[in-house]
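To start, the structure under review is shown below, and the notes come after it.
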Amino acid sequence: MNQFLLQPERTPRLLCNARFERLDLRIDCVSFPERVTLHSGGTTVPEAYVHAIESLAAFGRSYFTEHQDKDAPHRLLGREHRSVNHEWYHAFGTAWSFDHPTPEWIAEVTESLANDHGDEAAEIYQAIYLSHDFTDRLHDSEPPTERRLSTAFHIFILWHPEILEAKFGLMSSMDASTA
Amino acid sequence: MIEGQDIWESSSDTVHDYERLRRYIEKVLQNDPEMQDIVATFEKGYRKMLRSGGETK
């Protein structure tokens with residue numbers, strides 16, 4: 001049985017590599033003194049919907065189907081699924097790092113994609129090729145229990161359009177009562 | 001097929017995108033009571049923060 005005491009300084013954070021800026025969301029005022037007991041070990045990789053929530057927050061589109069397609073080999077390969085479709089993930093430490101997540105040439109590639117294939121194609125490139133792998137790397141160092149908490153925090157954020165609006169400028173036309 | 005995938009369709013509209021993603025996760029959570037409890041814990045903390053006059057910004 002795993003036990004995890006949530007402390008304010010350990011509040012899981014939603015980190016998005018959005019438009020080449022590391023977007024650090026932290027609800028500083030939310031503290032959780034309750035002890036949370038996790039009975040399951042959790043998943044070994046972030047769920048596809050976690051990536052979709054981050055894309056929705058960062059880009060205004062979830063690109064859920066694209067995230068699912070990218071991780072589809074997981075059903076056969078498990079954690080080894082990243083041997084395919086995850087080139088940026090494997091470029092960590094050489095082409096990029098957490099301190100420098102987006103080399104300057106990425107902007108040129110994005111602009112080229114936008115010019116040749118449209119803005120949405122460029123956005124999908126950022127969401128699926130870059131941000132997805134950034135998140136995978138970010139969660140690599142987390143134990144499964146902490147990843148479960150992070151997943152729950154993503155869901156919590158999705159449940160609250162008013163937070164999405166305040167933090168990401170989304171859903172301005174959506175009634176917060178949806179939550 | 002991933003559970004709930006049948007209700008998912010690509011959408012160019014942010015709100016529809018949001019609603020469909022939400023419906024998908026709600027369906028997933030039906031089989032994950034532990035995750036429901038963890039989310040509820042966040043909800044509890046959030047409500048407590050709102051009652052105390054805190055802000056999300």
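Naming scheme: A, B, ... for chains in displayed order of the structure tokens; residues 1 onward per chain; ligands 1 onward as shown.
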Handout entry: Contacts of A:Phe98 within 9 Å, only C-alpha atoms, excl. fewer than 5 positions in-chain, as a list in words
Key =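 Non-adjacent residues within range: Phe92, Gly93, Phe134 and Leu138 of chain A.
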Would you export the selected residues with all heavy atoms as an mmCIF file, in the first residue's frame, please?
data_model
loop_
_atom_site.group_PDB
_atom_site.id
_atom_site.type_symbol
_atom_site.label_atom_id
_atom_site.label_comp_id
_atom_site.auth_asym_id
_atom_site.auth_seq_id
_atom_site.Cartn_x
_atom_site.Cartn_y
_atom_site.Cartn_z
ATOM 1 N N PHE A 92 16.071 13.813 -26.321
ATOM 2 C CA PHE A 92 16.325 14.485 -25.046
ATOM 3 C C PHE A 92 17.789 14.298 -24.644
ATOM 4 O O PHE A 92 18.355 13.208 -24.721
ATOM 5 C CB PHE A 92 15.422 13.904 -23.956
ATOM 6 C CG PHE A 92 15.571 14.563 -22.615
ATOM 7 C CD1 PHE A 92 14.967 15.783 -22.365
ATOM 8 C CD2 PHE A 92 16.310 13.965 -21.605
ATOM 9 C CE1 PHE A 92 15.098 16.397 -21.121
ATOM 10 C CE2 PHE A 92 16.444 14.581 -20.364
ATOM 11 C CZ PHE A 92 15.842 15.795 -20.122
ATOM 12 N N GLY A 93 18.384 15.399 -24.228
ATOM 13 C CA GLY A 93 19.785 15.342 -23.821
ATOM 14 C C GLY A 93 20.744 15.705 -24.939
ATOM 15 O O GLY A 93 21.904 16.022 -24.686
ATOM 16 N N PHE A 134 7.671 15.938 -24.500
ATOM 17 C CA PHE A 134 8.110 16.720 -23.338
ATOM 18 C C PHE A 134 7.424 16.191 -22.077
ATOM 19 O O PHE A 134 8.072 15.964 -21.037
ATOM 20 C CB PHE A 134 7.758 18.198 -23.573
ATOM 21 C CG PHE A 134 8.109 19.107 -22.430
ATOM 22 C CD1 PHE A 134 9.332 19.759 -22.388
ATOM 23 C CD2 PHE A 134 7.211 19.331 -21.389
ATOM 24 C CE1 PHE A 134 9.658 20.607 -21.330
ATOM 25 C CE2 PHE A 134 7.522 20.171 -20.336
ATOM 26 C CZ PHE A 134 8.753 20.813 -20.312
ATOM 27 N N LEU A 138 8.956 14.417 -18.774
ATOM 28 C CA LEU A 138 8.705 15.049 -17.488
ATOM 29 C C LEU A 138 8.208 14.038 -16.457
ATOM 30 O O LEU A 138 8.585 14.085 -15.279
ATOM 31 C CB LEU A 138 7.662 16.165 -17.662
ATOM 32 C CG LEU A 138 7.511 17.197 -16.562
ATOM 33 C CD1 LEU A 138 8.782 18.011 -16.415
ATOM 34 C CD2 LEU A 138 6.339 18.101 -16.852
#
Problem - A:Val109 surroundings by only C-alpha atoms, 12 Å radius, close-in-sequence under 2 positions cut, as number ranges by chain - result: A: 102-107, 111-117, 121-123, 125-126, 129-130
Okay, now the selection with C-alpha atoms, as a compact mmCIF listing (two decimals), in the first residue's frame?
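Written file, again26.txt:
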# COMPACT_ATOMS: atom_id res chain seq x y z
CA THR A 102 12.84 24.19 -27.83
CA PRO A 103 15.92 24.94 -29.94
CA GLU A 104 15.64 27.99 -32.17
CA TRP A 105 15.38 25.90 -35.31
CA ILE A 106 12.04 24.55 -34.07
CA ALA A 107 10.48 27.94 -34.78
CA GLU A 111 6.76 28.40 -39.66
CA SER A 112 7.65 26.26 -42.64
CA LEU A 113 4.91 23.77 -41.77
CA ALA A 114 2.40 26.59 -41.38
CA ASN A 115 3.33 28.04 -44.73
CA ASP A 116 3.26 24.72 -46.56
CA HIS A 117 0.44 22.88 -44.80
CA ALA A 121 -0.57 21.25 -39.18
CA ALA A 122 2.02 23.41 -37.44
CA GLU A 123 0.05 23.28 -34.21
CA TYR A 125 3.45 19.31 -34.88
CA GLN A 126 3.93 21.22 -31.64
CA TYR A 129 5.71 15.84 -31.86
CA LEU A 130 7.06 18.19 -29.19
Problem - Given only C-alpha atoms as the counted atoms, nearest of A:His139, A:Lys167, A:His67, A:Arg147 to A:His51 - result: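 Ranked by minimum distance to A:His51, first place goes to A:His67.
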Practice task
Could you jot down the atom CA of A:Ala166 to atom CA of B:Phe42 separation for me, Å, one decimal place?
Solution key: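 Interatomic distance, atom CA of A:Ala166 to atom CA of B:Phe42: 17.7 Å.
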Problem - A:His154 surroundings by only C-alpha atoms, 10 Å radius, close-in-sequence under 4 positions cut, as a PyMOL selection string - result: (chain A and resi 12-14+49-54+148-150+158-159) or (chain B and resi 39)
